[in-house]
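Structure file protein29.pdb with PDB, C-alpha atoms:
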ATOM      1  CA  MET A   1      -5.904  16.782  25.775
ATOM      2  CA  ILE A   2      -9.023  15.540  23.977
ATOM      3  CA  ALA A   3      -7.635  16.760  20.654
ATOM      4  CA  LEU A   4      -4.327  15.033  21.399
ATOM      5  CA  LEU A   5      -6.009  11.703  22.165
ATOM      6  CA  LEU A   6      -8.152  11.961  19.035
ATOM      7  CA  ALA A   7      -5.050  12.731  16.947
ATOM      8  CA  LEU A   8      -3.255   9.714  18.436
ATOM      9  CA  GLY A   9      -6.236   7.538  17.552
ATOM     10  CA  SER A  10      -6.207   8.953  14.023
ATOM     11  CA  SER A  11      -2.487   8.259  13.684
ATOM     12  CA  LEU A  12      -2.892   4.664  14.861
ATOM     13  CA  ALA A  13      -5.846   4.045  12.538
ATOM     14  CA  TYR A  14      -3.999   5.526   9.540
ATOM     15  CA  GLY A  15      -0.994   3.329  10.310
ATOM     16  CA  CYS A  16      -3.130   0.185  10.515
ATOM     17  CA  ALA A  17      -4.967   1.132   7.315
ATOM     18  CA  ASP A  18      -1.676   1.577   5.449
ATOM     19  CA  PHE A  19      -0.441  -1.785   6.705
ATOM     20  CA  LEU A  20      -3.553  -3.652   5.557
ATOM     21  CA  GLY A  21      -3.708  -1.721   2.290
ATOM     22  CA  GLY A  22      -0.064  -2.523   1.644
ATOM     23  CA  LEU A  23      -0.697  -6.230   2.186
ATOM     24  CA  GLY A  24      -3.657  -6.073  -0.169
ATOM     25  CA  ALA A  25      -1.664  -4.254  -2.838
ATOM     26  CA  ARG A  26       0.839  -7.140  -2.873
ATOM     27  CA  ARG A  27      -1.829  -9.471  -4.224
ATOM     28  CA  ALA A  28      -3.281  -7.282  -6.965
ATOM     29  CA  HIS A  29      -2.842  -3.920  -8.680
ATOM     30  CA  VAL A  30      -3.154  -1.047  -6.229
ATOM     31  CA  LEU A  31      -6.143   0.409  -8.095
ATOM     32  CA  ARG A  32      -8.042  -2.840  -7.541
ATOM     33  CA  THR A  33      -7.352  -2.498  -3.823
ATOM     34  CA  VAL A  34      -8.416   1.158  -3.721
ATOM     35  CA  LEU A  35     -11.582   0.326  -5.673
ATOM     36  CA  ILE A  36     -12.642  -1.778  -2.684
ATOM     37  CA  ALA A  37     -11.205   0.439   0.057
ATOM     38  CA  ALA A  38     -12.710   3.760  -1.057
ATOM     39  CA  PRO A  39     -16.354   2.600  -1.254
ATOM     40  CA  ALA A  40     -15.893   0.730   2.052
ATOM     41  CA  SER A  41     -14.744   3.993   3.617
ATOM     42  CA  LEU A  42     -17.760   5.789   2.202
ATOM     43  CA  LEU A  43     -20.133   3.178   3.638
ATOM     44  CA  VAL A  44     -18.578   3.593   7.100
ATOM     45  CA  GLU A  45     -18.977   7.371   6.936
ATOM     46  CA  LEU A  46     -22.571   7.061   5.774
ATOM     47  CA  ALA A  47     -23.213   4.771   8.746
ATOM     48  CA  MET A  48     -21.802   7.473  11.044
ATOM     49  CA  TRP A  49     -24.061  10.141   9.548
ATOM     50  CA  PRO A  50     -26.978   9.602  11.997
ATOM     51  CA  VAL A  51     -24.568   9.755  14.947
ATOM     52  CA  LEU A  52     -22.334  12.679  14.014
ATOM     53  CA  GLY A  53     -24.684  14.533  11.697
ATOM     54  CA  ALA A  54     -23.940  16.177   8.356
ATOM     55  CA  LYS A  55     -24.851  19.561   6.882
ATOM     56  CA  PHE A  56     -24.071  19.869   3.182
ATOM     57  CA  GLY A  57     -23.555  23.614   2.921
ATOM     58  CA  ALA A  58     -21.393  25.292   0.304
ATOM     59  CA  GLY A  59     -18.340  25.301   2.559
ATOM     60  CA  ALA A  60     -18.656  21.628   3.483
ATOM     61  CA  VAL A  61     -19.173  20.544  -0.126
ATOM     62  CA  GLY A  62     -16.370  22.737  -1.485
ATOM     63  CA  TRP A  63     -13.719  21.838   1.090
ATOM     64  CA  GLY A  64     -14.860  18.208   1.113
ATOM     65  CA  ALA A  65     -14.532  17.919  -2.672
ATOM     66  CA  ALA A  66     -11.078  19.509  -2.523
ATOM     67  CA  SER A  67      -9.995  17.040   0.171
ATOM     68  CA  GLY A  68     -11.291  14.142  -1.916
ATOM     69  CA  ALA A  69      -9.372  15.256  -4.995
ATOM     70  CA  ALA A  70      -6.229  15.673  -2.872
ATOM     71  CA  SER A  71      -6.758  12.201  -1.393
ATOM     72  CA  ALA A  72      -6.980  10.634  -4.854
ATOM     73  CA  ALA A  73      -3.799  12.457  -5.906
ATOM     74  CA  ALA A  74      -2.070  11.320  -2.712
ATOM     75  CA  PHE A  75      -2.869   7.669  -3.464
ATOM     76  CA  ALA A  76      -1.454   7.904  -6.986
ATOM     77  CA  LEU A  77       1.663   9.880  -6.073
ATOM     78  CA  LEU A  78       2.455   7.924  -2.919
ATOM     79  CA  TYR A  79       2.343   4.473  -4.494
ATOM     80  CA  ARG A  80       4.251   5.683  -7.549
ATOM     81  CA  THR A  81       6.868   7.182  -5.232
ATOM     82  CA  LEU A  82       7.314   3.983  -3.244
ATOM     83  CA  ALA A  83       7.421   1.940  -6.436
ATOM     84  CA  ILE A  84      10.446   3.939  -7.648
ATOM     85  CA  GLY A  85      12.210   3.886  -4.264
ATOM     86  CA  PRO A  86      14.310   3.787  -2.242
ATOM     87  CA  MET A  87      11.517   3.659   0.340
ATOM     88  CA  ASN A  88      13.799   4.324   3.313
ATOM     89  CA  VAL A  89      14.603   7.759   1.876
ATOM     90  CA  LEU A  90      11.366   8.744   0.159
ATOM     91  CA  SER A  91       8.914   7.652   2.874
ATOM     92  CA  PRO A  92      10.375  10.044   5.485
ATOM     93  CA  VAL A  93      10.278  12.874   2.941
ATOM     94  CA  THR A  94       6.592  12.251   2.286
ATOM     95  CA  SER A  95       5.748  12.005   5.997
ATOM     96  CA  LEU A  96       7.699  15.144   6.885
ATOM     97  CA  VAL A  97       6.125  17.257   4.134
ATOM     98  CA  SER A  98       2.654  16.024   5.105
ATOM     99  CA  ALA A  99       3.317  17.259   8.655
ATOM    100  CA  VAL A 100       5.179  20.516   8.006
ATOM    101  CA  LEU A 101       2.672  22.123   5.643
ATOM    102  CA  PRO A 102      -0.361  21.873   7.979
ATOM    103  CA  VAL A 103       1.839  23.109  10.839
ATOM    104  CA  ALA A 104       2.811  26.129   8.731
ATOM    105  CA  VAL A 105      -0.853  26.804   7.920
ATOM    106  CA  GLY A 106      -1.773  26.620  11.613
ATOM    107  CA  LEU A 107       0.983  29.050  12.598
ATOM    108  CA  ILE A 108       0.012  31.460   9.805
ATOM    109  CA  GLN A 109      -3.561  31.395  11.079
ATOM    110  CA  GLY A 110      -2.329  32.556  14.467
ATOM    111  CA  GLU A 111      -2.048  29.360  16.511
ATOM    112  CA  GLN A 112       0.507  29.593  19.311
ATOM    113  CA  LEU A 113       2.460  27.063  21.345
ATOM    114  CA  GLY A 114       3.820  27.220  24.872
ATOM    115  CA  SER A 115       7.422  26.485  25.768
ATOM    116  CA  ALA A 116       6.757  22.728  26.000
ATOM    117  CA  GLY A 117       5.124  22.815  22.592
ATOM    118  CA  LEU A 118       8.061  24.658  21.064
ATOM    119  CA  VAL A 119      10.247  21.715  22.101
ATOM    120  CA  GLY A 120       7.724  18.962  21.455
ATOM    121  CA  LEU A 121       6.744  20.076  17.949
ATOM    122  CA  PRO A 122      10.204  19.861  16.314
ATOM    123  CA  LEU A 123      10.909  16.675  18.290
ATOM    124  CA  ALA A 124       7.742  15.154  16.840
ATOM    125  CA  LEU A 125       8.847  16.116  13.323
ATOM    126  CA  VAL A 126      12.185  14.380  13.943
ATOM    127  CA  ALA A 127      10.282  11.329  15.207
ATOM    128  CA  VAL A 128       8.208  11.275  11.999
ATOM    129  CA  VAL A 129      11.380  10.987   9.929
ATOM    130  CA  LEU A 130      13.027   8.372  12.154
ATOM    131  CA  VAL A 131       9.977   6.139  12.479
ATOM    132  CA  SER A 132       9.198   6.095   8.756
ATOM    133  CA  ALA A 133      12.802   5.397   7.715
ATOM    134  CA  GLY A 134      14.095   1.859   7.299
ATOM    135  CA  SER A 135      17.654   0.592   7.264
ATOM    136  CA  THR A 136      20.028   1.752   4.551
ATOM    137  CA  ASP A 137      23.380   0.581   3.335
ATOM    138  CA  GLY A 138      24.413   4.051   2.228
ATOM    139  CA  ARG A 139      24.442   3.126  -1.467
ATOM    140  CA  ALA A 140      20.828   4.047  -2.281
ATOM    141  CA  ARG A 141      20.509   6.938  -4.697
ATOM    142  CA  VAL A 142      17.422   9.065  -5.146
ATOM    143  CA  SER A 143      16.454  10.331  -8.577
ATOM    144  CA  ARG A 144      15.118  13.840  -9.038
ATOM    145  CA  THR A 145      11.828  12.414 -10.316
ATOM    146  CA  ALA A 146      11.373  10.230  -7.242
ATOM    147  CA  LEU A 147      12.129  13.126  -4.910
ATOM    148  CA  LEU A 148       9.627  15.379  -6.697
ATOM    149  CA  LEU A 149       7.000  12.641  -6.469
ATOM    150  CA  ALA A 150       7.684  12.266  -2.733
ATOM    151  CA  PHE A 151       7.200  15.995  -2.207
ATOM    152  CA  GLY A 152       4.051  15.820  -4.324
ATOM    153  CA  ALA A 153       2.637  12.935  -2.292
ATOM    154  CA  GLY A 154       3.368  14.685   0.996
ATOM    155  CA  THR A 155       1.838  17.893  -0.310
ATOM    156  CA  ALA A 156      -1.318  16.080  -1.447
ATOM    157  CA  ILE A 157      -1.728  14.471   1.979
ATOM    158  CA  ALA A 158      -1.172  17.832   3.649
ATOM    159  CA  VAL A 159      -3.721  19.544   1.389
ATOM    160  CA  GLN A 160      -6.262  16.858   2.240
ATOM    161  CA  LEU A 161      -5.800  17.463   5.980
ATOM    162  CA  VAL A 162      -5.860  21.258   5.646
ATOM    163  CA  CYS A 163      -9.046  21.148   3.548
ATOM    164  CA  LEU A 164     -10.786  19.015   6.164
ATOM    165  CA  HIS A 165      -9.677  21.465   8.851
ATOM    166  CA  GLN A 166     -11.035  24.430   6.857
ATOM    167  CA  ALA A 167     -14.503  22.895   6.472
ATOM    168  CA  PRO A 168     -17.202  24.525   8.651
ATOM    169  CA  ALA A 169     -17.201  23.185  12.206
ATOM    170  CA  GLY A 170     -20.967  22.721  12.190
ATOM    171  CA  SER A 171     -21.003  20.581   9.060
ATOM    172  CA  GLY A 172     -20.554  17.267  10.871
ATOM    173  CA  ILE A 173     -18.996  14.616   8.655
ATOM    174  CA  ALA A 174     -20.400  16.090   5.441
ATOM    175  CA  PRO A 175     -16.888  17.047   4.191
ATOM    176  CA  LEU A 176     -15.742  13.446   4.621
ATOM    177  CA  ILE A 177     -18.751  12.018   2.795
ATOM    178  CA  VAL A 178     -18.292  14.440  -0.104
ATOM    179  CA  GLY A 179     -14.544  13.865  -0.166
ATOM    180  CA  ARG A 180     -14.846  10.079  -0.144
ATOM    181  CA  THR A 181     -17.423  10.245  -2.945
ATOM    182  CA  VAL A 182     -15.032  12.310  -5.056
ATOM    183  CA  THR A 183     -12.132   9.949  -4.297
ATOM    184  CA  SER A 184     -14.233   6.914  -5.257
ATOM    185  CA  ALA A 185     -15.362   8.551  -8.493
ATOM    186  CA  LEU A 186     -11.830   9.560  -9.486
ATOM    187  CA  THR A 187     -10.483   6.108  -8.625
ATOM    188  CA  LEU A 188     -13.199   4.417 -10.670
ATOM    189  CA  THR A 189     -12.453   6.702 -13.608
ATOM    190  CA  ALA A 190      -8.741   5.900 -13.380
ATOM    191  CA  ALA A 191      -9.473   2.164 -13.198
ATOM    192  CA  VAL A 192     -11.643   2.330 -16.318
ATOM    193  CA  LEU A 193      -8.987   4.262 -18.247
ATOM    194  CA  LEU A 194      -6.212   1.901 -17.107
ATOM    195  CA  ARG A 195      -8.210  -1.337 -17.116
ATOM    196  CA  ARG A 196      -5.790  -3.049 -19.503
ATOM    197  CA  ARG A 197      -2.923  -2.501 -17.057
ATOM    198  CA  LEU A 198      -4.655  -3.810 -13.954
ATOM    199  CA  GLY A 199      -3.900  -7.461 -14.612
ATOM    200  CA  PRO A 200      -6.108 -10.493 -13.850
ATOM    201  CA  ALA A 201      -5.276 -10.842 -10.137
ATOM    202  CA  ARG A 202      -8.228 -10.373  -7.825
ATOM    203  CA  PRO A 203      -7.895  -7.997  -4.877
ATOM    204  CA  ALA A 204      -7.835  -9.194  -1.281
ATOM    205  CA  TYR A 205     -11.382  -8.087  -0.567
ATOM    206  CA  ARG A 206     -11.293  -8.393   3.226
ATOM    207  CA  LEU A 207      -7.939  -6.646   3.579
ATOM    208  CA  ALA A 208      -8.973  -3.838   1.247
ATOM    209  CA  ALA A 209     -12.340  -3.330   2.957
ATOM    210  CA  ALA A 210     -10.722  -3.339   6.409
ATOM    211  CA  ALA A 211      -8.131  -0.819   5.218
ATOM    212  CA  GLY A 212     -10.896   1.405   3.898
ATOM    213  CA  ALA A 213     -12.877   1.199   7.130
ATOM    214  CA  LEU A 214      -9.805   2.069   9.217
ATOM    215  CA  ASP A 215      -8.923   4.939   6.889
ATOM    216  CA  SER A 216     -12.434   6.274   7.346
ATOM    217  CA  ALA A 217     -12.160   5.997  11.138
ATOM    218  CA  ALA A 218      -8.808   7.809  10.995
ATOM    219  CA  SER A 219     -10.292  10.644   8.946
ATOM    220  CA  VAL A 220     -13.222  11.034  11.332
ATOM    221  CA  LEU A 221     -10.879  11.146  14.332
ATOM    222  CA  PHE A 222      -8.652  13.710  12.584
ATOM    223  CA  LEU A 223     -11.653  15.891  11.755
ATOM    224  CA  LEU A 224     -12.865  15.813  15.371
ATOM    225  CA  ALA A 225      -9.331  16.476  16.655
ATOM    226  CA  ALA A 226      -8.804  19.422  14.319
ATOM    227  CA  ARG A 227     -12.082  20.948  15.455
ATOM    228  CA  SER A 228     -11.232  20.639  19.143
ATOM    229  CA  GLY A 229      -7.538  21.586  19.045
ATOM    230  CA  ASP A 230      -4.794  23.360  17.120
ATOM    231  CA  LEU A 231      -3.952  22.182  13.626
ATOM    232  CA  THR A 232      -0.232  22.535  14.419
ATOM    233  CA  VAL A 233      -0.421  19.860  17.120
ATOM    234  CA  VAL A 234      -3.058  17.629  15.547
ATOM    235  CA  ALA A 235      -1.301  17.446  12.172
ATOM    236  CA  VAL A 236       2.105  16.503  13.527
ATOM    237  CA  ILE A 237       0.673  13.841  15.852
ATOM    238  CA  THR A 238      -1.361  12.384  12.996
ATOM    239  CA  ALA A 239       1.787  12.313  10.838
ATOM    240  CA  LEU A 240       3.263   9.759  13.258
ATOM    241  CA  TYR A 241       1.109   7.113  11.528
ATOM    242  CA  PRO A 242       4.174   5.143  10.288
ATOM    243  CA  ALA A 243       4.670   4.040  13.907
ATOM    244  CA  GLY A 244       1.498   1.962  13.746
ATOM    245  CA  THR A 245       2.587   0.424  10.449
ATOM    246  CA  VAL A 246       6.039  -0.414  11.818
ATOM    247  CA  LEU A 247       4.657  -2.047  14.975
ATOM    248  CA  LEU A 248       2.108  -4.107  13.026
ATOM    249  CA  ALA A 249       4.782  -5.229  10.574
ATOM    250  CA  ARG A 250       6.822  -6.392  13.550
ATOM    251  CA  ALA A 251       3.919  -8.215  15.203
ATOM    252  CA  VAL A 252       2.391  -9.807  12.092
ATOM    253  CA  LEU A 253       5.247 -10.164   9.616
ATOM    254  CA  ALA A 254       8.123 -10.414  12.110
ATOM    255  CA  GLU A 255       9.873  -7.530  10.363
ATOM    256  CA  ARG A 256      12.834  -6.106  12.208
ATOM    257  CA  ILE A 257      12.566  -2.696  13.881
ATOM    258  CA  HIS A 258      15.823  -0.871  13.249
ATOM    259  CA  ARG A 259      17.664   1.238  15.786
ATOM    260  CA  GLY A 260      16.678   4.467  14.116
ATOM    261  CA  GLN A 261      13.023   3.485  14.225
ATOM    262  CA  LEU A 262      13.306   2.578  17.916
ATOM    263  CA  ALA A 263      14.814   6.001  18.539
ATOM    264  CA  GLY A 264      11.933   7.508  16.587
ATOM    265  CA  LEU A 265       9.342   5.675  18.683
ATOM    266  CA  GLY A 266      11.026   6.938  21.838
ATOM    267  CA  ALA A 267      11.185  10.488  20.484
ATOM    268  CA  ALA A 268       7.522  10.272  19.531
ATOM    269  CA  ALA A 269       6.553   9.250  23.082
ATOM    270  CA  VAL A 270       8.487  12.173  24.560
ATOM    271  CA  ALA A 271       7.077  14.592  21.968
ATOM    272  CA  VAL A 272       3.508  13.522  22.675
ATOM    273  CA  GLY A 273       4.073  14.084  26.395
ATOM    274  CA  LEU A 274       5.463  17.570  25.759
ATOM    275  CA  LEU A 275       2.614  18.469  23.444
ATOM    276  CA  ALA A 276       0.148  17.257  26.061
ATOM    277  CA  LEU A 277       1.720  19.679  28.543
ATOM    278  CA  ALA A 278       1.497  22.430  25.936
TER     279      ALA A 278
END
Step by step, read the file and then write its structure as structure tokens.
Amino acid sequence: MIALLLALGSSLAYGCADFLGGLGARRAHVLRTVLIAAPASLLVELAMWPVLGAKFGAGAVGWGAASGAASAAAFALLYRTLAIGPMNVLSPVTSLVSAVLPVAVGLIQGEQLGSAGLVGLPLALVAVVLVSAGSTDGRARVSRTALLLAFGAGTAIAVQLVCLHQAPAGSGIAPLIVGRTVTSALTLTAAVLLRRRLGPARPAYRLAAAAGALDSAASVLFLLAARSGDLTVVAVITALYPAGTVLLARAVLAERIHRGQLAGLGAAAVAVGLLALA
């Protein structure tokens, strides 16, 4: 139950971070937004160091660096995917892949689910797709390139989560600190190489920093959840993060919640209850 609650908190924080980051990216090039968000995340994790502790052993540094590289790749692939579109098709693909791969890893490692979990897990995966999908008029076509990018983005997110799960349990938040440092360094390198394409627009500093802080909180909650529960359950609950984005978009931007998304929110509630019983 503790792992489930932590995973729900992680999902909500990721959803809020994506919402704020998306608003920030509307005002300036996405790399300018990430250049603020990534260091802000690192500062939050450094502030948590005295509370949660950190041991920088070989395992923590190695898995943390791998998660940071995967996180940087996820940023690039995800935003490129959504730029090509259509979002209502590609976003569910990315979310589903990011959930399925960690679930597969957990099952391969010997994690088992009860009867309630066997029903709740696939229901949660269905909810991920429904919640992250928008309305469609049936005329949207998906290119092979866009679909490959969506799979790549989902895979990168999944690799990031799996790497954090594989880090030694006694390492505290060292994997997150290492990972965020790697992400910041890679983002800075990309910004320097692409500086002529970034444009003159200034980033929304407060939105970007808030997004980074929430992303950091989400990662910490996921790490704690993965260490206290099964990766199969924690990963699929965390993958419900589009629900937080959808609800915030409704509350702040007055965006319409479509019937499919409402069905997804309902399915997610039922799935969470079943997984809690499991």
Inset, instruction - Determine the residue membership of the PyMOL selection byres ((chain A and resi 222-224) around 8) for the file above and supply it as a ChimeraX atom specification. - result: /A:3,6-7,10,164-165,218-221,225-228,234,238
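Note that CA of Pro102 (chain A) and CA of Trp63 (chain A) are 15.0 Å apart.
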Inset, instruction - List the neighbours of Ala66 (chain A) out to 8 Å using all atoms listed in the file; skip same-chain residues closer than 3 positions along the sequence, and give me the result as a ChimeraX atom specification. - result: /A:62-63,69-70,160,163,179
Per residue of region 27-95 of chain A within 8 Å of region 167-177 of chain A, what are the shortest atom pair and its distance in Å to one decimal, counting all atoms listed in the file, with rows by chain and residue number, as a tab-separated table?
residue	atom	partner	partner_atom	distance
A:Leu42	CA	A:Ile177	CA	6.3
A:Glu45	CA	A:Ile177	CA	6.2
A:Leu46	CA	A:Ile177	CA	6.9
A:Trp49	CA	A:Ile173	CA	6.8
A:Leu52	CA	A:Gly172	CA	5.8
A:Gly53	CA	A:Gly172	CA	5.0
A:Ala54	CA	A:Gly172	CA	4.4
A:Lys55	CA	A:Ser171	CA	4.5
A:Phe56	CA	A:Ala174	CA	5.7
A:Gly57	CA	A:Ser171	CA	7.3
A:Gly59	CA	A:Ala167	CA	6.0
A:Ala60	CA	A:Pro175	CA	5.0
A:Val61	CA	A:Pro175	CA	6.0
A:Trp63	CA	A:Ala167	CA	5.5
A:Gly64	CA	A:Pro175	CA	3.9
A:Ala65	CA	A:Pro175	CA	7.3
A:Ser67	CA	A:Pro175	CA	8.0
A:Gly68	CA	A:Leu176	CA	7.9
Please report, as AutoDock Vina command-line options, the centre and edge lengths in Å to one decimal of an axis-aligned box covering all listed atoms of region 117-125 of chain A with 4 Å per side.
--center_x 8.0 --center_y 19.9 --center_z 18.0 --size_x 13.8 --size_y 17.5 --size_z 17.3
Legend entry - Point-to-point distance from CA of Val34 (chain A) to CA of Leu147 (chain A), Å rounded to tenths: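 Computing it gives 23.8 Å between the two atoms.
Picked out by the PyMOL selection byres ((chain A and resi 199) around 12) when it runs on this file: Arg27, Ala28, His29, Val30, Leu31, Arg32, Ala191, Leu194, Arg195, Arg196, Arg197, Leu198, Pro200, Ala201, Arg202 and Pro203 of chain A.
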Inset, instruction - Kindly indicate which residue among A:Met1, A:Leu274, A:Phe19, A:Leu207 lies nearest to Leu253 (chain A), using only C-alpha atoms for the distances. - result: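 So, comparing all the options, the nearest one is A:Phe19.
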Legend entry - Resolved residues for the PyMOL selection byres ((chain A and resi 275) around 10) as an MDAnalysis selection string: chainID A and resid 1 4 113:121 123:124 233:234 237 270:274 276:278
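Coordinates place CA of Ser216 (chain A) at a distance of 9.4 Å from CA of Ala37 (chain A).
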Inset, instruction - For each of A:Thr145, A:Gly21, A:Ala249, A:Tyr241, take the minimum atom-to-atom distance to Val131 (chain A), counting all atoms listed in the file, then give the residue where this is smallest. - result: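 Ranked by minimum distance to Val131 (chain A), first place goes to A:Tyr241.
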Inset, instruction - Could you tell me which of A:Cys16, A:Leu148, A:Ile36, A:Val44 comes closest to Leu78 (chain A) if we count all atoms listed in the file? - result: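 Among the listed residues, the smallest separation from Leu78 (chain A) belongs to A:Leu148.
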Legend entry - For Gln261 (chain A), the nearest of the candidates A:Thr183, A:Tyr205, A:Pro242, A:Glu111, counting all atoms listed in the file: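 Smallest distance to Gln261 (chain A) is found for A:Pro242.
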Inset, instruction - List every protein, DNA or RNA residue with an atom no more than 10 Å from (10.8, 9.3, 19.1) in the file's coordinates, counting all atoms listed in the file, and format the result as a list in words. - result: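 Returned residue set, sorted by chain then number, is Leu123, Ala124, Leu125, Val126, Ala127, Val128, Val129, Leu130, Val131, Leu240, Ala243, Gly260, Gln261, Leu262, Ala263, Gly264, Leu265, Gly266, Ala267, Ala268, Ala269, Val270, Ala271 and Val272 of chain A.
Comparing A:Pro122, A:Gly154, A:Gly15, A:Gly212 by their smallest distance to Ser184 (chain A), the closest is A:Gly212 (using all atoms listed in the file).
Comparing the minimum interatomic distances between Ala158 (chain A) and each of A:Met48, A:Val182, A:Val103, A:Ala72, counting all atoms listed in the file, we find that A:Val103 sits nearest.
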